>>> print(open('target00.csv').read())   # CSV, C-alpha atoms
chain,number,residue,atom,x,y,z
A,592,MET,CA,23.7,-137.0,11.8
A,593,ILE,CA,22.4,-138.9,8.8
A,594,MET,CA,24.3,-142.0,9.9
A,595,LYS,CA,22.9,-141.7,13.4
A,596,ASN,CA,19.3,-141.4,11.9
A,597,LEU,CA,20.0,-144.4,9.7
A,598,ILE,CA,21.1,-146.6,12.6
A,599,VAL,CA,18.0,-145.6,14.6
A,600,PHE,CA,15.9,-146.4,11.6
A,601,ILE,CA,17.4,-149.8,11.1
A,602,PHE,CA,17.0,-150.5,14.9
A,603,LEU,CA,13.4,-149.4,14.6
A,604,LEU,CA,12.7,-151.9,11.8
A,605,ALA,CA,14.2,-154.6,14.0
A,606,ILE,CA,12.0,-153.8,17.0
A,607,PHE,CA,9.0,-153.7,14.7
A,608,LYS,CA,9.6,-157.3,13.8
A,609,VAL,CA,9.7,-158.1,17.6
A,610,ALA,CA,6.4,-156.4,18.2
A,611,THR,CA,4.2,-157.5,15.3
A,612,ALA,CA,2.5,-160.6,16.8
A,613,GLN,CA,-1.0,-160.0,18.1
A,614,ILE,CA,-0.9,-162.4,21.0
A,615,LYS,CA,1.4,-162.1,24.0
A,616,GLU,CA,4.9,-162.2,22.7
A,617,THR,CA,6.1,-164.8,25.1
A,618,ASP,CA,3.3,-167.3,24.7
A,619,LEU,CA,3.6,-170.5,22.8
A,620,ALA,CA,1.3,-169.3,20.1
A,621,GLU,CA,3.7,-166.5,19.1
A,622,SER,CA,6.3,-169.2,18.5
A,623,GLU,CA,3.9,-171.3,16.4
A,624,LEU,CA,3.9,-174.0,19.1
A,625,LYS,CA,1.1,-176.2,20.5
A,626,GLY,CA,1.1,-178.6,23.5
A,627,HIS,CA,3.0,-178.5,26.8
A,628,VAL,CA,6.3,-177.4,25.4
A,629,LYS,CA,9.4,-177.2,27.7
A,630,THR,CA,12.0,-176.2,25.2
A,631,ALA,CA,12.1,-175.5,21.4
A,632,MET,CA,15.3,-175.4,19.4
A,633,GLU,CA,15.3,-174.1,15.9
A,634,TYR,CA,18.3,-174.6,13.5
A,635,THR,CA,18.4,-172.5,10.3
A,636,PHE,CA,20.4,-173.4,7.2
A,637,ARG,CA,20.9,-171.7,3.8
A,638,GLY,CA,20.3,-173.7,0.6
A,639,SER,CA,18.9,-177.2,0.1
A,640,VAL,CA,19.1,-179.6,3.1
A,641,ASN,CA,18.0,-183.2,3.3
A,642,SER,CA,15.0,-183.2,5.7
A,643,VAL,CA,15.9,-186.7,7.0
A,644,ASN,CA,19.5,-186.1,7.8
A,645,ILE,CA,20.2,-182.6,8.8
A,646,ASP,CA,23.6,-181.9,10.5
A,647,THR,CA,22.6,-179.6,13.4
A,648,LEU,CA,26.3,-178.9,14.0
A,649,ALA,CA,26.5,-177.1,10.7
A,650,TYR,CA,23.7,-174.6,11.3
A,651,SER,CA,24.0,-170.9,10.3
A,652,GLY,CA,21.7,-169.9,13.1
A,653,LYS,CA,20.2,-171.4,16.2
A,654,THR,CA,17.4,-170.2,18.6
A,655,THR,CA,16.5,-171.9,21.9
A,656,LYS,CA,13.4,-170.9,23.7
A,657,ILE,CA,12.5,-172.1,27.2
A,658,PHE,CA,9.0,-172.1,28.7
A,659,ASP,CA,7.7,-172.6,32.2
A,660,LYS,CA,4.9,-174.9,33.2
A,661,ASN,CA,2.4,-172.1,32.7
A,662,LEU,CA,3.5,-172.1,29.0
A,663,ARG,CA,5.2,-168.7,29.3
A,664,GLN,CA,8.5,-168.1,27.8
A,665,VAL,CA,11.2,-167.3,30.4
A,666,TYR,CA,14.4,-167.4,28.4
A,667,GLU,CA,15.7,-167.2,24.8
A,668,LEU,CA,19.1,-167.7,23.3
A,669,LYS,CA,20.0,-166.7,19.7
A,670,ILE,CA,23.2,-167.7,18.0
A,671,TRP,CA,23.3,-165.9,14.7
A,672,GLN,CA,26.1,-168.0,13.2
A,673,LYS,CA,28.2,-170.7,14.7
A,674,GLY,CA,31.3,-169.2,16.4
A,675,GLN,CA,29.8,-165.7,16.7
A,676,PRO,CA,28.7,-164.1,20.0
A,677,ALA,CA,25.1,-165.0,21.1
A,678,ASP,CA,22.2,-162.8,22.1
A,679,SER,CA,20.1,-163.8,25.0
A,680,PHE,CA,16.8,-162.7,26.3
A,681,SER,CA,15.2,-162.9,29.8
A,682,CYS,CA,11.4,-162.5,30.3
A,683,GLU,CA,9.8,-161.1,33.4
A,684,HIS,CA,6.0,-161.4,33.8
A,685,ILE,CA,4.3,-158.8,36.0
A,686,GLY,CA,0.8,-160.1,36.5
A,687,ASP,CA,-1.2,-160.3,33.2
A,688,SER,CA,-0.7,-156.7,32.2
A,689,VAL,CA,3.1,-156.3,31.6
A,690,ILE,CA,5.9,-158.4,30.2
A,691,ILE,CA,9.5,-157.1,30.2
A,692,LYS,CA,11.9,-158.8,27.8
A,693,THR,CA,15.6,-157.8,28.2
A,694,GLN,CA,18.1,-158.4,25.5
A,695,TYR,CA,21.7,-158.9,26.3
A,696,TYR,CA,24.8,-158.4,24.0
A,697,HIS,CA,28.1,-159.9,25.3
A,698,GLY,CA,26.4,-160.5,28.7
A,699,LYS,CA,25.4,-156.8,29.1
A,700,PRO,CA,21.8,-155.5,29.1
A,701,ALA,CA,21.3,-153.8,25.7
A,702,VAL,CA,17.6,-153.4,24.9
A,703,LYS,CA,14.5,-153.5,27.1
A,704,TYR,CA,11.2,-154.4,25.5
A,705,THR,CA,8.0,-153.7,27.5
A,706,TYR,CA,4.7,-155.2,26.4
A,707,LYS,CA,1.5,-153.7,28.0
A,708,TYR,CA,-1.9,-155.4,27.9
A,709,GLY,CA,-5.4,-154.3,28.9
A,710,LYS,CA,-7.9,-156.2,31.1
A,711,ASP,CA,-9.2,-158.0,28.0
A,712,GLY,CA,-5.6,-159.4,27.3
A,713,LYS,CA,-5.2,-157.3,24.2
A,714,LYS,CA,-1.9,-155.6,23.6
A,715,THR,CA,-2.1,-151.8,24.1
A,716,GLU,CA,1.4,-150.6,23.9
A,717,PHE,CA,4.9,-151.7,23.1
A,718,ASP,CA,7.9,-149.7,24.4
A,719,THR,CA,11.6,-150.2,23.7
A,720,PHE,CA,14.6,-148.5,25.1
A,721,SER,CA,18.3,-148.9,24.5
A,722,ASP,CA,21.3,-146.9,25.7
A,723,TYR,CA,23.8,-149.7,25.0
A,724,ASP,CA,25.7,-147.3,22.7
A,725,PRO,CA,25.9,-144.0,24.6
A,726,ARG,CA,26.1,-142.1,21.3
A,727,ILE,CA,22.7,-143.4,20.2
A,728,VAL,CA,19.9,-143.5,22.8
A,729,THR,CA,16.8,-145.0,21.3
A,730,ASP,CA,13.3,-144.7,22.9
A,731,ALA,CA,10.5,-146.0,20.7
A,732,LYS,CA,6.8,-146.8,21.3
A,733,ILE,CA,4.1,-148.6,19.3
A,734,PHE,CA,0.4,-148.0,20.0
A,735,TYR,CA,-2.4,-150.3,18.8
A,736,LYS,CA,-5.9,-149.8,17.5
A,737,TYR,CA,-8.5,-152.6,17.1
A,738,ASN,CA,-11.3,-153.2,14.7
A,739,ASP,CA,-14.8,-154.4,15.8
A,740,ALA,CA,-13.8,-158.0,15.5
A,741,GLY,CA,-11.0,-157.5,18.0
A,742,ASP,CA,-8.1,-157.7,15.6
A,743,ILE,CA,-5.3,-155.1,15.5
A,744,SER,CA,-6.3,-152.7,12.7
A,745,THR,CA,-3.5,-150.1,13.0
A,746,GLU,CA,-0.1,-149.8,14.6
A,747,GLU,CA,1.7,-146.5,14.9
A,748,THR,CA,5.4,-146.2,15.9
A,749,PHE,CA,6.9,-143.1,17.4
A,750,ILE,CA,10.5,-142.3,18.4
A,751,THR,CA,11.9,-139.6,20.6
A,752,GLY,CA,8.5,-138.7,22.0
A,753,ASN,CA,6.1,-137.8,19.2
A,754,LYS,CA,7.9,-138.4,15.9
A,755,LEU,CA,5.8,-140.7,13.8
A,756,THR,CA,8.1,-143.2,12.1
A,757,MET,CA,5.9,-146.0,10.9
A,758,ARG,CA,2.2,-146.7,10.4
A,759,VAL,CA,0.9,-150.2,9.6
A,760,ILE,CA,-2.7,-151.0,8.6
A,761,TYR,CA,-4.0,-154.6,8.6
A,762,GLN,CA,-6.9,-156.5,7.0
A,763,TYR,CA,-8.1,-159.9,8.0
A,764,ASN,CA,-10.2,-162.8,6.6
A,765,ALA,CA,-13.2,-164.4,8.4
A,766,ILE,CA,-11.1,-166.5,10.7
A,767,HIS,CA,-9.0,-163.5,11.8
A,768,LYS,CA,-5.9,-164.4,9.7
A,769,LYS,CA,-4.0,-161.3,8.4
A,770,ILE,CA,-4.4,-161.2,4.7
A,771,ARG,CA,-3.2,-157.7,3.8
A,772,GLU,CA,-0.8,-155.2,5.3
A,773,GLU,CA,0.0,-151.6,4.3
A,774,GLN,CA,3.3,-150.4,5.8
A,775,THR,CA,4.3,-146.7,5.6
A,776,THR,CA,7.7,-145.6,6.9
A,777,TYR,CA,8.9,-142.0,7.4
A,778,PHE,CA,12.7,-141.4,7.3
A,779,ASN,CA,13.8,-137.8,7.4
A,780,SER,CA,11.6,-136.2,4.7
A,781,ARG,CA,11.0,-139.4,2.7
A,782,LYS,CA,7.9,-141.6,2.9
A,783,THR,CA,8.0,-145.2,1.7
A,784,VAL,CA,4.9,-147.4,1.2
A,785,GLU,CA,4.9,-151.2,0.9
A,786,ASN,CA,2.0,-153.5,0.7
A,787,PHE,CA,1.9,-157.2,1.7
A,788,SER,CA,-0.5,-160.0,1.0
A,789,PHE,CA,-0.7,-163.4,2.7
A,790,SER,CA,-2.2,-166.8,2.2
A,791,TYR,CA,-2.5,-169.8,4.5
A,792,ASP,CA,-2.9,-173.6,4.3
A,793,LEU,CA,-5.8,-175.5,5.9
A,794,LYS,CA,-4.0,-175.7,9.2
A,795,GLY,CA,-3.6,-172.0,9.4
A,796,ASN,CA,0.1,-171.9,8.6
A,797,LYS,CA,1.2,-169.0,6.4
A,798,ILE,CA,2.4,-170.3,3.0
A,799,THR,CA,2.8,-167.3,0.8
A,800,GLU,CA,3.7,-163.6,1.3
A,801,LYS,CA,3.9,-161.1,-1.5
A,802,ILE,CA,5.4,-157.7,-1.3
A,803,TYR,CA,4.4,-154.8,-3.6
A,804,ASN,CA,5.8,-151.2,-3.8
A,805,ALA,CA,3.6,-148.1,-3.8
A,806,ALA,CA,3.0,-148.4,-7.5
A,807,GLY,CA,1.6,-151.9,-7.1
A,808,LYS,CA,4.7,-153.7,-8.6
A,809,LEU,CA,5.5,-157.1,-7.1
A,810,THR,CA,9.0,-156.8,-5.6
A,811,ALA,CA,9.4,-160.0,-3.6
A,812,GLU,CA,7.6,-163.2,-3.0
A,813,HIS,CA,8.0,-165.7,-0.1
A,814,THR,CA,6.8,-169.3,-0.2
A,815,ILE,CA,6.8,-171.4,2.9
A,816,LEU,CA,6.5,-175.2,3.0
A,817,TYR,CA,6.0,-177.3,6.2
A,818,SER,CA,6.7,-181.0,6.8
A,819,ASP,CA,7.6,-183.6,9.5
A,820,PHE,CA,4.8,-182.7,11.9
A,821,ASP,CA,4.9,-184.3,15.4
A,822,LYS,CA,2.1,-185.8,17.5
A,823,GLU,CA,1.1,-182.3,18.8
A,824,GLY,CA,0.7,-181.0,15.3
A,825,ASN,CA,3.9,-178.9,15.5
A,826,TRP,CA,5.9,-178.6,12.3
A,827,LEU,CA,9.5,-179.9,12.6
A,828,LEU,CA,10.8,-178.7,9.2
A,829,LYS,CA,10.0,-175.4,7.4
A,830,THR,CA,11.4,-174.3,4.0
A,831,PHE,CA,11.3,-170.6,3.3
A,832,GLU,CA,11.9,-169.6,-0.4
A,833,LEU,CA,12.4,-166.0,-1.3
A,834,THR,CA,12.5,-164.5,-4.8
A,835,GLY,CA,12.7,-160.8,-5.7
A,836,SER,CA,14.4,-158.0,-7.4
A,837,ASN,CA,15.8,-154.6,-6.4
A,838,GLN,CA,18.3,-152.0,-7.7
A,839,ARG,CA,21.2,-153.1,-5.5
A,840,GLN,CA,20.9,-156.9,-6.0
A,841,GLY,CA,19.0,-157.3,-9.3
A,842,ASN,CA,17.1,-160.5,-9.5
A,843,TYR,CA,17.7,-162.8,-6.5
A,844,SER,CA,16.5,-166.1,-5.1
A,845,TYR,CA,17.5,-168.1,-2.0
A,846,GLN,CA,16.2,-170.6,0.4
A,847,ILE,CA,16.2,-170.9,4.2
A,848,ILE,CA,15.5,-174.2,6.0
A,849,THR,CA,14.5,-174.4,9.6
A,850,LYS,CA,14.6,-177.6,11.6
A,851,ARG,CA,12.9,-177.7,15.0
A,852,VAL,CA,13.6,-180.0,17.9
A,853,ILE,CA,10.9,-179.8,20.7
A,854,GLU,CA,11.0,-181.2,24.2
A,855,TYR,CA,7.7,-181.5,26.2
A,856,TYR,CA,6.9,-181.5,29.9
>>> encode(input="target00.csv", output="structure tokens")
Amino acid sequence: MIMKNLIVFIFLLAIFKVATAQIKETDLAESELKGHVKTAMEYTFRGSVNSVNIDTLAYSGKTTKIFDKNLRQVYELKIWQKGQPADSFSCEHIGDSVIIKTQYYHGKPAVKYTYKYGKDGKKTEFDTFSDYDPRIVTDAKIFYKYNDAGDISTEETFITGNKLTMRVIYQYNAIHKKIREEQTTYFNSRKTVENFSFSYDLKGNKITEKIYNAAGKLTAEHTILYSDFDKEGNWLLKTFELTGSNQRQGNYSYQIITKRVIEYY
């Protein structure tokens, strides 16, 4: 039973990452893209890579997103590591109020994500359902509350009906950029609190993220550098540096480089 709960908890954390964006999840803005984009391919690498001459055949991960002429995402393909099975996603848009994103494993529907929006275009609910493994059926929902400025102030995640599993509280700066986040997770009888702080460059790109435990101790720090912008202002190279410390790994530090190739209509 503990193992089943742990699997559900890990799955829940994964879907939380899918649902955290405030704008519509299949719009260009969610992918940090501008302009009339047709396809965007992102190659990820570990360690130091020369920004001028990156071997895209040696990537450790690749994501391809395809958009229609209305700038809505219609398909996504993720290859986690070269030679391993890929995950694909199809997107169905039902008017302006519902988006259904289906994730496939080995060609079989595995997870269904449903995004619901109000008349003002604001996200109201995120539902996810999976019965891919008949031993573990997962049904989770996230509900959103907004502040007076129209930004998401609180997210609450429930599984199996009414079991609160995660609560996230956000704070923003004057230009509606998220600057603080308090994330509380509930697993069995345990409660874990983490706090995040963010900073941005003049273009609005996130450049730092710091993570603190409930006692206020810094446990991890991310630094993000952008370069090689194209004519639309889209970055073509991003370097993500992570340093931190925990009981299992001790002190650690690594780097992830993302190279982006964009095709326009």
>>> closest_residue(input="target00.csv", among="A:Tyr856, A:Tyr737, A:Thr830, A:Leu793", to="A:Asn661", atoms="only C-alpha atoms")
A:Tyr856
>>> residues_near_point(input="target00.csv", point="(14.1, -174.6, 14.2)", cutoff="6 Å", atoms="all atoms listed in the file", output="list in words")
Met632, Glu633, Tyr634, Thr849, Lys850 and Arg851 of chain A
>>> atom_distance(input="target00.csv", atom1="atom CA of A:Leu809", atom2="atom CA of A:Gly841")
13.7 Å
>>> residues_around(input="target00.csv", residues="A:Lys692", least_positions_apart="4", cutoff="7 Å", atoms="all atoms listed in the file", output="list of chain:residue names")
A:Phe680, A:Ser681, A:Cys682, A:Glu683, A:Lys703, A:Tyr704, A:Thr705
>>> residues_around(input="target00.csv", residues="A:Leu827", least_positions_apart="4", cutoff="12 Å", atoms="all atoms listed in the file", output="ChimeraX atom specification")
/A:623-624,631-635,642-643,645,816-823,848-854
>>> closest_residue(input="target00.csv", among="A:Asp739, A:Asp711, A:Asp718, A:Glu667", to="A:Ile691", atoms="only C-alpha atoms")
A:Asp718
>>> atom_distance(input="target00.csv", atom1="atom CA of A:Ala811", atom2="atom CA of A:Lys829")
18.9 Å
>>> closest_residue(input="target00.csv", among="A:Phe831, A:Ala765, A:Ile657, A:Lys713", to="A:Ile743", atoms="all atoms listed in the file")
A:Lys713
>>> residues_around(input="target00.csv", residues="A:Ala805", least_positions_apart="2", cutoff="12 Å", atoms="only C-alpha atoms", output="list in words")
Glu773, Gln774, Thr775, Thr776, Lys782, Thr783, Val784, Glu785, Asn786, Phe787, Ile802, Tyr803, Gly807, Lys808, Leu809 and Thr810 of chain A
>>> residues_around(input="target00.csv", residues="A:His813", least_positions_apart="2", cutoff="8 Å", atoms="only C-alpha atoms", output="list in words")
Ile798, Thr799, Glu800, Lys801, Ala811, Ile815, Phe831, Glu832, Leu833 and Thr834 of chain A
>>> atom_distance(input="target00.csv", atom1="atom CA of A:Tyr696", atom2="atom CA of A:Asp722")
12.1 Å
>>> closest_residue(input="target00.csv", among="A:Ser780, A:Gln846, A:Thr719, A:Asn825", to="A:Glu812", atoms="only C-alpha atoms")
A:Gln846
>>> residues_around(input="target00.csv", residues="A:Ala701", least_positions_apart="5", cutoff="6 Å", atoms="all atoms listed in the file", output="number ranges by chain")
A: 694-695, 721, 723
